[in-house]
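This report refers to the structure that appears directly beneath it.
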Amino acid sequence: MKNKTIIIGGGIIGLSVGWQLAKKGMHVVILEQHKAGKSSSYAAAGMLAPQAEMGFEDIELFYLCRKSLEMYPAFVDELYNDSGIKVEVEKTGCILPGFDRDDAERLRRLYDFREKIGLSVVWLTGSEAREIEPFLSPRCTGAIWIDDDAQINNRKLLEALKIAFVKCGGKLYEEHKVENINIQNGKVCGVHVHGSNFNIDMQSDNLIIAGGAWSKQIGGIPEHLLPPVRPVKGQIINLRLNDSCRITKVVRAPDVYLLPKSDGRLILGASVEEMGYDENPTAGEIFRLLERGWEAVPSIYDLPIESIDVGLRPGSRDHMPIIGDSDIEGLFFATGHYRNGILLTPITAYELSDWIITGERSKLLNGFEISRFYKATV
Ligand SMILES: Cc1cc2nc3c(=O)[nH]c(=O)nc-3n(C[C@H](O)[C@H](O)[C@H](O)COP(=O)(O)OP(=O)(O)OC[C@H]3O[C@@H](n4cnc5c(N)ncnc54)[C@H](O)[C@@H]3O)c2cc1C
């Protein structure tokens, strides 16, 4: 009989790992408490931006993200074969503009650091920046240009993953909340599931915790393995581009990014808030995003507001993802992807599914396992 794996959570991480496992011949069930692909993964902007995202302290995460970006073209090709939906990796390029002396100093440090580790970055004067993106404010005094970062339509990607997963034989159950995981004698044996009018036990050989910002709330996870993941609220505004503003490049200004999407939206994002599980949009953050966005690209002033989305990023204590096995046989984690879950989808899906199927640890995921938290208290 084939091994059976239950994945808790139908976000981009659960769906992509599930698709790869089902494709490799495993019997896979995804249990999603609400609707699959409608949580953080839906609210996300879809930037695939290892370079622009990187801070000075994040070098290991940067290499993981860059590797995942390299995997993306093959990943979307394979997904097209299995789902019939073509999702493009779009090389939009990215400008990091500065508007005063503080910004210039900060950008210069970011630039020097990237240059030192051999990345391809270009320093632009204000007028050179405006040649590349004419809608940028004339107040721009200088900028960094990053050619390599990309973006994707994450909503289309989620649709494709759902189709591919089911076509490859996976079973997706929505409105199925996992209340508890069951462990006996140091080994996974299944889950207890709650629905609107049922309570059932399901058996499995493997379990993958892919519950995003809710991962720590799943019952039955041993104390030392409780993933230190919290919700980090993000609000974005979807504007509709028109002739008054046709920005084509990603603009990452201080405290706000403006991201033109191929479906005609201009995403203004994103807040980073510690507000627990609150998912309400708020006047203050929306005001701040609009103000900072308008300072960077003044012509957004006349664009219609289409909608506002709110998502909860799964932020781990060190802001690195938690991917890999644990000291309970059959218990795996794929959570804590924080600001990079869309970008890290291919590497998580390929490497974790291979690990589970072959039993061989992934070298690329070395150091990202939950064991790095064993000694600390949650
Ligand atoms: C505003 C915003 C912008 C972002 N922009 C980007 C970006 O540009 N690029 C990028 O790479 N990343 C971005 N991110 C981050 C990215 O969205 C996340 O890292 C990623 O979506 C995490 O995916 P996930 O599958 O782990 O979580 P989710 O998409 O949140 O999915 C987890 C799922 O698990 C389910 N679940 C939880 N507990 C249970 C349970 N007990 N039983 C059953 N189901 C359960 C939930 O209902 C949910 O559907 C952004 C996030 C936000 C909020």
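Order determines the names: the first chain of the structure tokens is A, the second B, and so forth; residues in each chain are numbered 1 upward, and ligands are numbered 1 upward as they are shown.
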Report task. As a count of residues only, please: all residues of stretch 155-308 of chain A that backbone DSSP puts in strand (DSSP E or B). Result -> 62
Requested in this report: Kindly provide, as a PyMOL selection string, all nucleotide and amino acid residues lying within 7 Å of ligand 1, counting only C-alpha atoms and all ligand atoms.
Outcome: chain A and resi 8-14+31-48+176-179+210-215+217-218+233-236+269-271+310-314+335-344
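Using only C-alpha atoms, the nearest neighbour of A:Ile323 within the list A:Glu175, A:Glu306, A:Glu369, A:Glu291 is A:Glu369.
The nearest approach to A:Gly186 among the residues A:Ile328, A:Leu96, A:Ala22, A:Ile7, with only C-alpha atoms taken into account, belongs to A:Ile328.
The shortest atom-to-atom distance to A:Thr345, with only C-alpha atoms taken into account, belongs to A:Leu158 out of A:Lys86, A:Arg114, A:Leu158, A:Tyr374.
Proximity ranking of A:Ala349, A:Ile247, A:Leu290, A:Ile200 relative to A:Phe135 places A:Ile247 first, based on only C-alpha atoms.
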Report task. Please identify all polymer residues within 7 Å of A:Met202, counting only C-alpha atoms, omitting same-chain residues fewer than 3 positions from it, and present them as a PyMOL selection string. Result -> chain A and resi 190-192
Please provide as a PDB file with N, CA and C atoms, in the first residue's frame all residues within 7 Å of stretch 63-75 of chain A, with the sequence filter that same-chain residues fewer than 2 positions apart are discarded (counting only C-alpha atoms).
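Saved to part13.pdb:
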ATOM      1  N   LEU A  48       8.735  38.333  -6.450  1.00  0.00           N
ATOM      2  CA  LEU A  48       9.759  37.290  -6.325  1.00  0.00           C
ATOM      3  C   LEU A  48      11.067  38.062  -6.265  1.00  0.00           C
ATOM      4  N   PRO A  50      14.271  38.358  -4.165  1.00  0.00           N
ATOM      5  CA  PRO A  50      15.294  38.090  -3.158  1.00  0.00           C
ATOM      6  C   PRO A  50      16.224  39.282  -2.936  1.00  0.00           C
ATOM      7  N   ILE A  59      21.628  36.686   5.013  1.00  0.00           N
ATOM      8  CA  ILE A  59      22.333  36.132   3.868  1.00  0.00           C
ATOM      9  C   ILE A  59      21.928  34.684   3.554  1.00  0.00           C
ATOM     10  N   GLU A  60      21.700  33.844   4.609  1.00  0.00           N
ATOM     11  CA  GLU A  60      21.312  32.447   4.329  1.00  0.00           C
ATOM     12  C   GLU A  60      19.935  32.399   3.676  1.00  0.00           C
ATOM     13  N   LEU A  61      19.056  33.247   4.190  1.00  0.00           N
ATOM     14  CA  LEU A  61      17.713  33.310   3.613  1.00  0.00           C
ATOM     15  C   LEU A  61      17.787  33.813   2.173  1.00  0.00           C
ATOM     16  N   ASP A  77       6.444  25.792 -15.711  1.00  0.00           N
ATOM     17  CA  ASP A  77       6.278  24.953 -16.911  1.00  0.00           C
ATOM     18  C   ASP A  77       5.631  23.623 -16.536  1.00  0.00           C
ATOM     19  N   GLU A  78       6.150  23.035 -15.466  1.00  0.00           N
ATOM     20  CA  GLU A  78       5.621  21.747 -14.997  1.00  0.00           C
ATOM     21  C   GLU A  78       4.160  21.904 -14.565  1.00  0.00           C
ATOM     22  N   LEU A  79       3.876  23.026 -13.931  1.00  0.00           N
ATOM     23  CA  LEU A  79       2.516  23.286 -13.466  1.00  0.00           C
ATOM     24  C   LEU A  79       1.559  23.455 -14.656  1.00  0.00           C
ATOM     25  N   VAL A  89       6.365  33.963 -15.114  1.00  0.00           N
ATOM     26  CA  VAL A  89       7.282  34.674 -14.213  1.00  0.00           C
ATOM     27  C   VAL A  89       7.655  35.962 -14.937  1.00  0.00           C
ATOM     28  N   LEU A 343       7.680  33.447  -3.057  1.00  0.00           N
ATOM     29  CA  LEU A 343       9.014  33.232  -3.630  1.00  0.00           C
ATOM     30  C   LEU A 343       9.566  31.853  -3.269  1.00  0.00           C
ATOM     31  N   LEU A 344       9.340  31.409  -2.038  1.00  0.00           N
ATOM     32  CA  LEU A 344       9.950  30.149  -1.577  1.00  0.00           C
ATOM     33  C   LEU A 344       9.109  28.910  -1.924  1.00  0.00           C
ATOM     34  N   PRO A 346       8.624  27.104  -4.874  1.00  0.00           N
ATOM     35  CA  PRO A 346       9.249  25.979  -5.596  1.00  0.00           C
ATOM     36  C   PRO A 346      10.245  25.197  -4.746  1.00  0.00           C
ATOM     37  N   ILE A 347      11.098  25.898  -4.023  1.00  0.00           N
ATOM     38  CA  ILE A 347      12.140  25.160  -3.272  1.00  0.00           C
ATOM     39  C   ILE A 347      11.497  24.349  -2.150  1.00  0.00           C
TER      40      ILE A 347
END
